[in-house]
Amino acid sequence: MPIFQDQKQKNIANFQKAIDEKRYTISKNYDEIGRLYYGQFVDINVDNTKTINSKCDTITKLKDEIEELDVKILREKGLKKCPVCRTENNLSYAFCFKCGARFDDNDSVAAPEAAAPAPAPAPAAKPAEPEEEKAEEPEAEAPAEEKAEE
Ligand SMILES: [Zn+2]
């Protein structure tokens, strides 16, 4: 196995370890939130809302960090996730192969239309003023029906 491949595996293992630790911290926070909530459920004089909220914020932050680590692991594997449909794409793709969403990152191959110069506008051949020919049609006179009473 080439050296750089080995380094990749090492990086992935480190990221994975960090993710596992964060997952553990999240589950500990969930436990504490449960305990705090129960504490105020059984005793009307207890208000743990502030602490509960701050633990919820901690969990959100940890989840974001895990998300970032997931991205780093994918990068090591030469992959990235579509921001729209979450499908794993090759790192070099400019658009998601599944849903077509555009990747706004530096890894994507520059889109060809971005590099090409803008085409010169075609010269107007005709003045854009259509002649209005609104010949008013005379009201067709309905033929007088001759009611032949019999
Ligand atoms: Zn997609």
# chains A, B, ... in the order shown; residues from 1 in each chain; ligands from 1
>>> residues_near_ligand(ligand="ligand 1", cutoff="7 Å", atoms="only C-alpha atoms and all ligand atoms", output="ChimeraX atom specification")
/A:82-87,96-101
>>> residues_around(residues="stretch 57-68 of chain A", least_positions_apart="5", cutoff="12 Å", atoms="only C-alpha atoms", output="tab-separated table (two decimals) with C-alpha atoms, in the first residue's frame")
chain	number	residue	atom	x	y	z
A	15	PHE	CA	-11.84	11.81	12.00
A	16	GLN	CA	-13.91	8.76	12.82
A	17	LYS	CA	-12.55	8.70	16.37
A	18	ALA	CA	-13.47	12.37	16.82
A	19	ILE	CA	-16.96	11.64	15.52
A	20	ASP	CA	-17.38	8.75	17.95
A	21	GLU	CA	-16.35	10.96	20.86
A	22	LYS	CA	-18.77	13.66	19.84
A	23	ARG	CA	-21.57	11.11	19.47
A	24	TYR	CA	-20.84	9.92	22.99
A	25	THR	CA	-20.98	13.50	24.33
A	26	ILE	CA	-24.27	14.02	22.52
A	27	SER	CA	-25.81	10.96	24.11
A	28	LYS	CA	-24.59	12.08	27.55
A	29	ASN	CA	-26.27	15.44	26.93
A	30	TYR	CA	-29.50	13.73	25.94
A	31	ASP	CA	-29.40	11.82	29.23
A	32	GLU	CA	-28.86	14.98	31.24
A	33	ILE	CA	-31.66	16.77	29.41
A	50	LYS	CA	-32.14	27.46	30.81
A	51	THR	CA	-29.86	24.50	31.41
A	52	ILE	CA	-31.91	22.30	29.10
A	73	ILE	CA	-13.79	11.77	5.64
A	74	LEU	CA	-15.55	11.85	2.28
A	75	ARG	CA	-12.87	14.18	0.93
A	80	LYS	CA	-18.51	14.85	-1.54
A	81	LYS	CA	-22.17	15.02	-0.70
A	83	PRO	CA	-26.13	19.73	-0.58
A	86	ARG	CA	-27.22	14.16	0.01
>>> residues_around(residues="A:Asn48", least_positions_apart="2", cutoff="12 Å", atoms="only C-alpha atoms", output="PyMOL selection string")
chain A and resi 32-46+50-55
>>> closest_residue(among="A:Arg102, A:Ala94, A:Lys77, A:Asn89", to="A:Gln9", atoms="only C-alpha atoms")
A:Lys77
